[in-house]
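Chemist: mmCIF, C-alpha atoms, file run_22.cif:
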data_input
loop_
_atom_site.group_PDB
_atom_site.id
_atom_site.type_symbol
_atom_site.label_atom_id
_atom_site.label_comp_id
_atom_site.auth_asym_id
_atom_site.auth_seq_id
_atom_site.Cartn_x
_atom_site.Cartn_y
_atom_site.Cartn_z
ATOM 1 C CA MET A 2 76.756 136.845 -122.087
ATOM 2 C CA SER A 3 80.327 135.725 -121.435
ATOM 3 C CA LYS A 4 81.295 132.707 -123.562
ATOM 4 C CA CYS A 5 83.856 130.290 -122.144
ATOM 5 C CA ASN A 6 86.630 129.425 -124.600
ATOM 6 C CA ILE A 7 89.352 128.890 -122.001
ATOM 7 C CA CYS A 8 90.460 125.458 -123.212
ATOM 8 C CA PRO A 9 90.611 123.728 -126.629
ATOM 9 C CA ARG A 10 87.046 122.444 -126.162
ATOM 10 C CA LYS A 11 85.767 125.996 -126.790
ATOM 11 C CA CYS A 12 82.344 125.140 -125.353
ATOM 12 C CA GLY A 13 81.136 128.718 -125.707
ATOM 13 C CA VAL A 14 78.807 128.426 -122.714
ATOM 14 C CA ASP A 15 78.106 131.169 -120.190
ATOM 15 C CA ARG A 16 79.550 129.554 -117.062
ATOM 16 C CA ALA A 17 78.922 132.741 -115.081
ATOM 17 C CA SER A 18 75.194 132.029 -115.389
ATOM 18 C CA GLY A 19 75.673 128.506 -114.031
ATOM 19 C CA VAL A 20 75.622 126.702 -117.387
ATOM 20 C CA LEU A 21 78.167 123.867 -117.398
ATOM 21 C CA GLY A 22 80.527 123.059 -120.243
ATOM 22 C CA VAL A 23 82.663 119.944 -120.731
ATOM 23 C CA CYS A 24 84.538 120.711 -117.506
ATOM 24 C CA ASN A 25 81.187 120.293 -115.711
ATOM 25 C CA MET A 26 81.831 123.295 -113.465
ATOM 26 C CA PRO A 27 80.447 126.821 -113.101
ATOM 27 C CA GLU A 28 82.683 129.870 -113.292
ATOM 28 C CA GLU A 29 83.057 130.162 -109.507
ATOM 29 C CA LEU A 30 85.970 128.315 -107.932
ATOM 30 C CA TRP A 31 85.209 124.826 -106.633
ATOM 31 C CA VAL A 32 87.885 123.092 -104.567
ATOM 32 C CA ALA A 33 87.841 119.377 -103.705
ATOM 33 C CA LYS A 34 90.799 119.136 -101.349
ATOM 34 C CA ILE A 35 93.662 121.203 -99.936
ATOM 35 C CA MET A 36 96.569 119.296 -98.429
ATOM 36 C CA LEU A 37 100.299 118.819 -98.067
ATOM 37 C CA HIS A 38 100.881 116.201 -100.766
ATOM 38 C CA LYS A 39 103.995 114.052 -100.250
ATOM 39 C CA TRP A 40 103.525 111.711 -103.219
ATOM 40 C CA GLU A 41 104.431 114.005 -106.079
ATOM 41 C CA GLU A 42 107.852 113.932 -107.754
ATOM 42 C CA PRO A 43 110.676 114.498 -105.222
ATOM 43 C CA CYS A 44 111.604 117.879 -106.726
ATOM 44 C CA ILE A 45 108.032 119.056 -106.094
ATOM 45 C CA SER A 46 107.132 117.387 -102.792
ATOM 46 C CA GLY A 47 110.475 117.564 -100.997
ATOM 47 C CA GLU A 48 110.343 116.603 -97.326
ATOM 48 C CA GLN A 49 107.258 118.552 -96.254
ATOM 49 C CA GLY A 50 105.072 117.987 -99.294
ATOM 50 C CA ALA A 51 103.605 120.179 -101.996
ATOM 51 C CA GLY A 52 100.924 122.606 -100.865
ATOM 52 C CA THR A 53 98.301 121.158 -103.186
ATOM 53 C CA VAL A 54 94.924 122.568 -104.188
ATOM 54 C CA PHE A 55 92.760 120.042 -106.065
ATOM 55 C CA PHE A 56 90.127 121.792 -108.159
ATOM 56 C CA SER A 57 86.825 120.129 -108.997
ATOM 57 C CA GLY A 58 86.024 119.404 -112.625
ATOM 58 C CA CYS A 59 88.196 118.674 -115.660
ATOM 59 C CA ASN A 60 88.162 119.310 -119.399
ATOM 60 C CA LEU A 61 89.281 115.762 -120.294
ATOM 61 C CA HIS A 62 87.363 113.138 -118.239
ATOM 62 C CA CYS A 63 89.692 110.284 -119.162
ATOM 63 C CA VAL A 64 88.034 106.869 -118.888
ATOM 64 C CA TYR A 65 90.773 105.702 -116.487
ATOM 65 C CA CYS A 66 90.917 108.839 -114.310
ATOM 66 C CA GLN A 67 92.336 108.149 -110.844
ATOM 67 C CA ASN A 68 90.732 111.335 -109.508
ATOM 68 C CA ARG A 69 87.280 110.534 -110.876
ATOM 69 C CA ASP A 70 85.665 111.720 -107.638
ATOM 70 C CA ILE A 71 86.649 115.279 -108.464
ATOM 71 C CA SER A 72 87.101 115.338 -112.239
ATOM 72 C CA GLY A 73 83.362 114.962 -112.737
ATOM 73 C CA GLY A 74 82.621 117.717 -110.229
ATOM 74 C CA ALA A 75 80.871 115.368 -107.819
ATOM 75 C CA CYS A 76 82.613 116.665 -104.725
ATOM 76 C CA GLY A 77 84.115 119.857 -103.412
ATOM 77 C CA ARG A 78 82.849 123.227 -102.302
ATOM 78 C CA SER A 79 82.843 126.734 -103.675
ATOM 79 C CA MET A 80 85.528 129.128 -102.468
ATOM 80 C CA THR A 81 85.964 132.830 -102.907
ATOM 81 C CA SER A 82 89.292 134.151 -104.098
ATOM 82 C CA ASP A 83 89.910 135.551 -100.602
ATOM 83 C CA GLU A 84 89.303 132.121 -99.053
ATOM 84 C CA LEU A 85 91.664 130.512 -101.540
ATOM 85 C CA GLU A 86 94.317 133.117 -100.806
ATOM 86 C CA ALA A 87 94.048 132.436 -97.069
ATOM 87 C CA ALA A 88 94.292 128.680 -97.667
ATOM 88 C CA ILE A 89 97.406 129.128 -99.800
ATOM 89 C CA PHE A 90 99.234 131.102 -97.142
ATOM 90 C CA GLU A 91 98.136 128.571 -94.517
ATOM 91 C CA LEU A 92 99.841 125.859 -96.600
ATOM 92 C CA VAL A 93 102.994 127.977 -96.749
ATOM 93 C CA SER A 94 102.922 128.397 -92.948
ATOM 94 C CA GLN A 95 102.695 124.589 -92.636
ATOM 95 C CA GLY A 96 105.950 124.224 -94.564
ATOM 96 C CA ALA A 97 104.708 123.562 -98.101
ATOM 97 C CA GLU A 98 107.589 123.263 -100.568
ATOM 98 C CA CYS A 99 105.482 124.878 -103.288
ATOM 99 C CA ILE A 100 101.901 125.825 -104.098
ATOM 100 C CA GLU A 101 100.544 123.307 -106.592
ATOM 101 C CA PHE A 102 97.300 123.805 -108.497
ATOM 102 C CA VAL A 103 95.921 120.471 -109.741
ATOM 103 C CA THR A 104 93.491 120.367 -112.703
ATOM 104 C CA PRO A 105 93.293 124.172 -112.809
ATOM 105 C CA THR A 106 92.785 124.729 -116.556
ATOM 106 C CA HIS A 107 89.088 125.643 -116.466
ATOM 107 C CA TYR A 108 89.786 128.201 -113.706
ATOM 108 C CA THR A 109 92.729 129.911 -115.413
ATOM 109 C CA VAL A 110 91.102 133.345 -115.566
ATOM 110 C CA ALA A 111 90.190 133.388 -111.866
ATOM 111 C CA LEU A 112 93.509 131.883 -110.762
ATOM 112 C CA ALA A 113 95.511 134.397 -112.784
ATOM 113 C CA ARG A 114 93.777 137.153 -110.826
ATOM 114 C CA VAL A 115 94.565 135.431 -107.515
ATOM 115 C CA LEU A 116 98.212 134.915 -108.485
ATOM 116 C CA GLU A 117 98.611 138.519 -109.625
ATOM 117 C CA ARG A 118 97.595 139.561 -106.131
ATOM 118 C CA ILE A 119 99.641 137.103 -104.069
ATOM 119 C CA LYS A 120 102.716 136.266 -106.174
ATOM 120 C CA PRO A 121 104.851 139.131 -104.806
ATOM 121 C CA ARG A 122 104.299 137.759 -101.285
ATOM 122 C CA LEU A 123 104.819 134.075 -102.007
ATOM 123 C CA THR A 124 108.109 132.578 -100.858
ATOM 124 C CA VAL A 125 107.693 129.236 -102.663
ATOM 125 C CA PRO A 126 107.250 128.352 -106.359
ATOM 126 C CA VAL A 127 103.848 128.073 -108.021
ATOM 127 C CA VAL A 128 103.286 124.753 -109.827
ATOM 128 C CA TRP A 129 100.623 124.347 -112.541
ATOM 129 C CA ASN A 130 99.706 120.638 -112.712
ATOM 130 C CA SER A 131 97.367 120.041 -115.635
ATOM 131 C CA GLY A 132 96.227 117.404 -118.108
ATOM 132 C CA GLY A 133 98.137 119.271 -120.808
ATOM 133 C CA TYR A 134 95.047 120.022 -122.895
ATOM 134 C CA GLU A 135 95.509 123.784 -122.846
ATOM 135 C CA SER A 136 95.097 126.755 -125.174
ATOM 136 C CA VAL A 137 98.208 128.836 -125.807
ATOM 137 C CA GLY A 138 96.260 132.097 -125.637
ATOM 138 C CA THR A 139 94.890 131.197 -122.217
ATOM 139 C CA LEU A 140 98.295 130.135 -120.907
ATOM 140 C CA ARG A 141 99.646 133.589 -121.730
ATOM 141 C CA MET A 142 97.526 134.944 -118.849
ATOM 142 C CA LEU A 143 99.906 133.067 -116.529
ATOM 143 C CA ASP A 144 103.149 134.505 -117.903
ATOM 144 C CA GLY A 145 105.250 135.555 -114.917
ATOM 145 C CA LEU A 146 102.835 134.006 -112.421
ATOM 146 C CA VAL A 147 103.730 130.305 -112.680
ATOM 147 C CA ASP A 148 107.232 129.009 -111.919
ATOM 148 C CA VAL A 149 106.892 125.304 -112.746
ATOM 149 C CA TYR A 150 104.555 123.794 -115.305
ATOM 150 C CA MET A 151 103.781 120.100 -114.817
ATOM 151 C CA PRO A 152 101.603 119.056 -117.785
ATOM 152 C CA ASP A 153 100.674 115.583 -118.903
ATOM 153 C CA LEU A 154 101.538 114.559 -122.431
ATOM 154 C CA LYS A 155 99.202 111.594 -122.653
ATOM 155 C CA TYR A 156 98.916 110.448 -126.267
ATOM 156 C CA PHE A 157 100.289 110.853 -129.770
ATOM 157 C CA ASP A 158 97.699 108.857 -131.742
ATOM 158 C CA PRO A 159 94.479 110.861 -132.326
ATOM 159 C CA ALA A 160 92.426 107.649 -132.273
ATOM 160 C CA VAL A 161 93.692 106.731 -128.813
ATOM 161 C CA ALA A 162 93.120 110.269 -127.552
ATOM 162 C CA ALA A 163 89.594 110.197 -128.933
ATOM 163 C CA ALA A 164 88.755 106.830 -127.369
ATOM 164 C CA TYR A 165 90.187 107.587 -123.927
ATOM 165 C CA SER A 166 89.629 111.348 -123.529
ATOM 166 C CA SER A 167 87.275 112.347 -126.379
ATOM 167 C CA ALA A 168 90.011 114.681 -127.622
ATOM 168 C CA PRO A 169 91.390 113.612 -131.010
ATOM 169 C CA ASP A 170 93.402 116.845 -131.204
ATOM 170 C CA TYR A 171 95.034 116.161 -127.830
ATOM 171 C CA PHE A 172 98.633 115.849 -129.032
ATOM 172 C CA GLU A 173 98.454 118.843 -131.335
ATOM 173 C CA ARG A 174 97.085 121.108 -128.611
ATOM 174 C CA SER A 175 99.284 119.745 -125.817
ATOM 175 C CA ILE A 176 102.589 119.865 -127.687
ATOM 176 C CA GLU A 177 102.025 123.507 -128.625
ATOM 177 C CA ALA A 178 100.985 124.277 -125.037
ATOM 178 C CA ILE A 179 104.264 122.819 -123.797
ATOM 179 C CA GLY A 180 106.078 125.138 -126.173
ATOM 180 C CA GLU A 181 104.356 128.133 -124.577
ATOM 181 C CA MET A 182 105.200 126.822 -121.118
ATOM 182 C CA ILE A 183 108.879 126.520 -122.062
ATOM 183 C CA ARG A 184 108.818 130.030 -123.496
ATOM 184 C CA GLN A 185 107.490 131.403 -120.212
ATOM 185 C CA VAL A 186 109.649 129.581 -117.656
ATOM 186 C CA GLY A 187 112.724 128.459 -119.568
ATOM 187 C CA LYS A 188 114.842 125.387 -118.941
ATOM 188 C CA PRO A 189 114.538 123.446 -115.662
ATOM 189 C CA ARG A 190 116.192 125.071 -112.663
ATOM 190 C CA PHE A 191 116.835 123.556 -109.238
ATOM 191 C CA ASP A 192 118.148 124.795 -105.913
ATOM 192 C CA ASP A 193 121.014 123.169 -104.031
ATOM 193 C CA GLY A 194 118.570 120.795 -102.341
ATOM 194 C CA GLY A 195 117.223 119.485 -105.645
ATOM 195 C CA MET A 196 113.911 121.332 -105.461
ATOM 196 C CA MET A 197 112.588 122.565 -108.786
ATOM 197 C CA LYS A 198 112.363 126.347 -108.875
ATOM 198 C CA GLY A 199 111.487 126.840 -112.521
ATOM 199 C CA GLY A 200 110.900 125.008 -115.776
ATOM 200 C CA VAL A 201 108.654 122.328 -117.252
ATOM 201 C CA LEU A 202 108.248 118.796 -115.895
ATOM 202 C CA VAL A 203 106.358 116.674 -118.426
ATOM 203 C CA ARG A 204 104.440 113.663 -117.129
ATOM 204 C CA HIS A 205 103.640 110.662 -119.289
ATOM 205 C CA LEU A 206 101.653 107.666 -118.063
ATOM 206 C CA VAL A 207 102.420 104.411 -119.872
ATOM 207 C CA LEU A 208 99.118 102.688 -120.619
ATOM 208 C CA PRO A 209 98.689 98.930 -121.149
ATOM 209 C CA GLY A 210 98.716 98.017 -124.812
ATOM 210 C CA HIS A 211 100.126 101.356 -125.954
ATOM 211 C CA ARG A 212 103.891 100.972 -125.694
ATOM 212 C CA ALA A 213 104.401 102.171 -129.273
ATOM 213 C CA ASP A 214 102.308 105.290 -128.689
ATOM 214 C CA SER A 215 104.298 106.124 -125.553
ATOM 215 C CA ILE A 216 107.563 105.764 -127.455
ATOM 216 C CA GLU A 217 106.283 108.079 -130.183
ATOM 217 C CA VAL A 218 105.213 110.663 -127.583
ATOM 218 C CA LEU A 219 108.788 110.750 -126.255
ATOM 219 C CA ARG A 220 110.337 110.924 -129.718
ATOM 220 C CA GLN A 221 108.077 113.768 -130.754
ATOM 221 C CA LEU A 222 108.747 115.715 -127.540
ATOM 222 C CA ALA A 223 112.522 115.316 -127.951
ATOM 223 C CA ALA A 224 112.418 116.305 -131.617
ATOM 224 C CA LYS A 225 110.224 119.344 -131.037
ATOM 225 C CA TYR A 226 111.917 120.954 -128.041
ATOM 226 C CA GLY A 227 115.068 119.004 -127.167
ATOM 227 C CA VAL A 228 115.533 116.844 -124.102
ATOM 228 C CA ASP A 229 117.282 119.576 -122.121
ATOM 229 C CA SER A 230 114.245 121.894 -122.311
ATOM 230 C CA VAL A 231 112.154 119.772 -119.948
ATOM 231 C CA ARG A 232 112.374 117.144 -117.252
ATOM 232 C CA LEU A 233 110.449 113.911 -117.742
ATOM 233 C CA SER A 234 108.348 111.956 -115.264
ATOM 234 C CA LEU A 235 107.628 108.556 -116.801
ATOM 235 C CA MET A 236 104.856 106.900 -114.829
ATOM 236 C CA SER A 237 103.869 103.257 -114.451
ATOM 237 C CA GLN A 238 101.076 103.828 -111.936
ATOM 238 C CA TYR A 239 98.134 102.919 -114.164
ATOM 239 C CA THR A 240 95.725 100.595 -112.386
ATOM 240 C CA PRO A 241 92.454 99.173 -113.777
ATOM 241 C CA ASP A 242 90.797 100.065 -110.461
ATOM 242 C CA PHE A 243 89.885 103.390 -112.038
ATOM 243 C CA TYR A 244 88.796 102.181 -115.468
ATOM 244 C CA ILE A 245 85.070 102.347 -116.209
ATOM 245 C CA GLU A 246 84.487 99.997 -119.121
ATOM 246 C CA SER A 247 81.149 101.508 -120.062
ATOM 247 C CA GLY A 248 82.937 104.765 -120.798
ATOM 248 C CA CYS A 249 84.669 103.259 -123.836
ATOM 249 C CA PRO A 250 82.925 102.162 -127.009
ATOM 250 C CA GLY A 251 83.886 98.540 -127.601
ATOM 251 C CA GLY A 252 85.262 98.070 -124.110
ATOM 252 C CA LEU A 253 89.000 98.630 -124.843
ATOM 253 C CA LYS A 254 89.876 95.489 -122.917
ATOM 254 C CA ASN A 255 93.562 96.370 -122.559
ATOM 255 C CA LEU A 256 92.605 98.855 -119.835
ATOM 256 C CA SER A 257 91.394 95.969 -117.693
ATOM 257 C CA ARG A 258 94.971 95.004 -116.863
ATOM 258 C CA ARG A 259 98.090 96.650 -115.491
ATOM 259 C CA VAL A 260 101.121 97.719 -117.490
ATOM 260 C CA THR A 261 103.658 94.910 -117.832
ATOM 261 C CA SER A 262 107.312 95.291 -116.886
ATOM 262 C CA PHE A 263 108.223 94.718 -120.541
ATOM 263 C CA GLU A 264 105.975 97.568 -121.695
ATOM 264 C CA TYR A 265 107.224 100.061 -119.141
ATOM 265 C CA ASP A 266 110.888 99.056 -119.398
ATOM 266 C CA SER A 267 110.908 99.392 -123.181
ATOM 267 C CA VAL A 268 109.470 102.912 -122.959
ATOM 268 C CA MET A 269 111.969 103.754 -120.231
ATOM 269 C CA ARG A 270 114.843 102.520 -122.401
ATOM 270 C CA THR A 271 113.694 104.840 -125.172
ATOM 271 C CA ALA A 272 113.618 107.766 -122.726
ATOM 272 C CA VAL A 273 117.177 107.012 -121.629
ATOM 273 C CA GLU A 274 118.390 106.542 -125.217
ATOM 274 C CA LEU A 275 116.887 109.893 -126.177
ATOM 275 C CA GLY A 276 118.698 111.534 -123.261
ATOM 276 C CA PHE A 277 115.794 112.591 -121.047
ATOM 277 C CA GLU A 278 116.535 113.325 -117.414
ATOM 278 C CA GLY A 279 113.914 112.996 -114.740
ATOM 279 C CA TYR A 280 111.972 110.368 -112.836
ATOM 280 C CA PHE A 281 111.024 106.761 -113.462
ATOM 281 C CA GLN A 282 108.491 104.916 -111.329
ATOM 282 C CA GLN A 283 108.576 101.389 -109.998
ATOM 283 C CA ILE A 284 105.780 99.096 -111.158
ATOM 284 C CA SER A 285 104.751 98.760 -107.485
ATOM 285 C CA SER A 286 103.434 102.330 -107.647
ATOM 286 C CA ALA A 287 100.364 101.032 -109.525
ATOM 287 C CA ASP A 288 98.216 101.047 -106.411
ATOM 288 C CA ARG A 289 95.204 103.200 -105.586
ATOM 289 C CA LYS A 290 96.583 103.782 -102.068
ATOM 290 C CA TYR A 291 98.706 106.589 -103.546
ATOM 291 C CA THR A 292 95.589 108.495 -104.625
ATOM 292 C CA PRO A 293 94.307 111.098 -102.125
ATOM 293 C CA GLN A 294 90.881 110.529 -100.638
ATOM 294 C CA PHE A 295 88.356 113.243 -101.464
ATOM 295 C CA ASN A 296 85.246 114.289 -99.609
#
Represent the structure contained in this file as structure tokens.
Modeler:
Amino acid sequence: MSKCNICPRKCGVDRASGVLGVCNMPEELWVAKIMLHKWEEPCISGEQGAGTVFFSGCNLHCVYCQNRDISGGACGRSMTSDELEAAIFELVSQGAECIEFVTPTHYTVALARVLERIKPRLTVPVVWNSGGYESVGTLRMLDGLVDVYMPDLKYFDPAVAAAYSSAPDYFERSIEAIGEMIRQVGKPRFDDGGMMKGGVLVRHLVLPGHRADSIEVLRQLAAKYGVDSVRLSLMSQYTPDFYIESGCPGGLKNLSRRVTSFEYDSVMRTAVELGFEGYFQQISSADRKYTPQFN
């Protein structure tokens, strides 16, 4: 029996036999959508869009997940590694600026094998877009295979991480994972057109009622690795459209509203004062129309 300990959950289940762990997916690859995605950060999407592969399932299941259709494994289809390889090169032929794997953590072993086979033939960077809740030992399988890591760094407070993602050790695991990512790909690198060719782009979503936690996330990241080791994407796109109140003990009523301009602007000021470079969203981005439709 093969026990799955890919992520910090360490479920220990035999996914090869069809048993599901927290990610709610079997060992075989399940893909929800493949598309040219033009709504990522400009250094990832460029003019043509990122060649994005959305994987079904997730090891976090945040109560406000904007990709709930796929994070619970409710949609998608199984793909062989050969089919995935063909789809990747089809995206490249369509002009994809990069190949971006979204929510790939629970498929790291299989995707490392695919990347080992195709990386020498790829002409665009590989982007690993994850929730940040990763194991360092697992990430080492990707050394030399991923060019750009794009992890979330969601929370600092263990109580908030427990309430929203059932992961009280979220910050501890994610901050050490970012360290491994930096070790692998180094400081951010861009071509003459501003496209990111290597490095780590850390995403942080400002949540309503948690301005202080967001500020602490940024302070901790700067203190641990230095602001020049990463680029920052500070997001304001939270919308209560995706919040399922029943998923939170006690209701957590703050998630029933949007982030205020005061909340976001104060976090943004901290990012600027600390010296982070990167991307800042407009409050108008808090709209579900920017979320891809899955089927």
Chemist: Please identify every residue of region 185-248 of chain A that has at least one atom no farther than 6 Å from an atom of region 254-270 of chain A, counting all atoms listed in the file, and for each give the shortest atom pair and the distance in Å to one decimal, arranged by chain then increasing number, as CSV.
Modeler:
residue,atom,partner,partner_atom,distance
A:Pro209,CA,A:Val260,CA,4.6
A:Gly210,CA,A:Asn255,CA,5.9
A:Arg212,CA,A:Glu264,CA,5.6
A:Ile216,CA,A:Val268,CA,5.7
A:Thr240,CA,A:Arg259,CA,5.5
A:Pro241,CA,A:Ser257,CA,5.2
Chemist: CA of Tyr226 (chain A) and CA of Pro9 (chain A) are how many Å apart?
Modeler: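 About the pair CA of Tyr226 (chain A) and CA of Pro9 (chain A): they are 21.5 Å apart.
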Chemist: Taking all atoms listed in the file into account, name the residue in A:Val32, A:Val110, A:Ala17, A:Cys8 that is nearest to Gly132 (chain A).
Modeler: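 Comparing A:Val32, A:Val110, A:Ala17, A:Cys8 against Gly132 (chain A), the winner is A:Cys8.
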Chemist: So, with only C-alpha atoms as the atoms that count, which of A:Gly194, A:Pro169, A:Pro121, A:Gly227 lies closest to Leu61 (chain A)?
Modeler: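 Closest to Leu61 (chain A), using only C-alpha atoms: A:Pro169.
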Chemist: Please evaluate the PyMOL selection byres ((chain A and resi 190) around 10) against the structure above and give the resulting residues as an MDAnalysis selection string.
Modeler: chainID A and resid 148:149 186:189 191:192 195:201 231:232
Chemist: From the set A:Glu117, A:Asp144, A:Asp193, A:Glu28, which residue has the shortest atom-to-atom contact distance to Ser79 (chain A), counting only C-alpha atoms?
Modeler: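 The answer is A:Glu28, which sits nearest to Ser79 (chain A).
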Chemist: Show me, as a VMD selection string, the residues that have an atom within 10 Å of Cys5 (chain A) when counting all atoms listed in the file, minus same-chain residues fewer than 2 positions from it.
Modeler: chain A and resid 2 to 3 7 to 8 10 to 17 21 to 22 28 107
Chemist: Tell me which of A:Phe281, A:Tyr150, A:Phe56, A:Phe90 sits closest to Tyr108 (chain A), counting only C-alpha atoms.
Modeler: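 Once distances to Tyr108 (chain A) are computed over only C-alpha atoms, the minimum belongs to A:Phe56.
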Chemist: Rank A:Arg184, A:Leu222, A:Cys66, A:Arg204 by their smallest atom-to-atom distance to Glu42 (chain A), using all atoms listed in the file, and report the top residue only.
Modeler: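 Selected residue with least distance to Glu42 (chain A): A:Arg204.
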Chemist: Please determine, counting only C-alpha atoms, which residue among A:Glu86, A:Glu135, A:Glu173, A:Glu278 has the shortest atom-to-atom distance to Cys59 (chain A).
Modeler: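 Looking at the shortest contact to Cys59 (chain A), the residue is A:Glu135.
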Chemist: For Met142 (chain A), list every protein, DNA or RNA residue within 12 Å, evaluated using all atoms listed in the file, and leave out those in the same chain fewer than 6 positions away; present the list as a list in words.
Modeler: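 Here the answer would be Ile7, Thr106, Tyr108, Thr109, Val110, Ala111, Leu112, Ala113, Arg114, Val115, Leu116, Glu117, Ser136, Glu181, Met182 and Gln185 of chain A.
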Chemist: Please, could you write that set of residues out with C-alpha atoms as a PDB file, in the coordinates of the input?
Modeler:
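Wrote it out as out-v3.pdb, contents follow:
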ATOM      1  CA  ILE A   7      89.352 128.890-122.001  1.00  0.00           C
ATOM      2  CA  THR A 106      92.785 124.729-116.556  1.00  0.00           C
ATOM      3  CA  TYR A 108      89.786 128.201-113.706  1.00  0.00           C
ATOM      4  CA  THR A 109      92.729 129.911-115.413  1.00  0.00           C
ATOM      5  CA  VAL A 110      91.102 133.345-115.566  1.00  0.00           C
ATOM      6  CA  ALA A 111      90.190 133.388-111.866  1.00  0.00           C
ATOM      7  CA  LEU A 112      93.509 131.883-110.762  1.00  0.00           C
ATOM      8  CA  ALA A 113      95.511 134.397-112.784  1.00  0.00           C
ATOM      9  CA  ARG A 114      93.777 137.153-110.826  1.00  0.00           C
ATOM     10  CA  VAL A 115      94.565 135.431-107.515  1.00  0.00           C
ATOM     11  CA  LEU A 116      98.212 134.915-108.485  1.00  0.00           C
ATOM     12  CA  GLU A 117      98.611 138.519-109.625  1.00  0.00           C
ATOM     13  CA  SER A 136      95.097 126.755-125.174  1.00  0.00           C
ATOM     14  CA  GLU A 181     104.356 128.133-124.577  1.00  0.00           C
ATOM     15  CA  MET A 182     105.200 126.822-121.118  1.00  0.00           C
ATOM     16  CA  GLN A 185     107.490 131.403-120.212  1.00  0.00           C
TER      17      GLN A 185
END
Chemist: Take the PyMOL selection byres ((chain A and resi 53) around 12), run it mentally on this structure, and tell me the resulting residues as a PyMOL selection string.
Modeler: chain A and resi 32-41+45-46+49-52+54-56+85+88-93+95-105+126-130+293
Chemist: Separation of CA of Glu274 (chain A) and CA of Leu154 (chain A), in Å?
Modeler: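 These two atoms are separated by 18.9 Å.
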Chemist: Just want the 12 Å neighbourhood of Ala223 (chain A), counted on all atoms listed in the file, with same-chain residues fewer than 2 positions away dropped. Output as a list in words.
Modeler: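 What passes the distance filter is Ile176, Ile179, Gly180, Val203, Ile216, Glu217, Val218, Leu219, Arg220, Gln221, Lys225, Tyr226, Gly227, Val228, Asp229, Ser230, Val231, Arg232, Leu233, Thr271, Ala272, Val273, Glu274, Leu275, Gly276, Phe277 and Glu278 of chain A.
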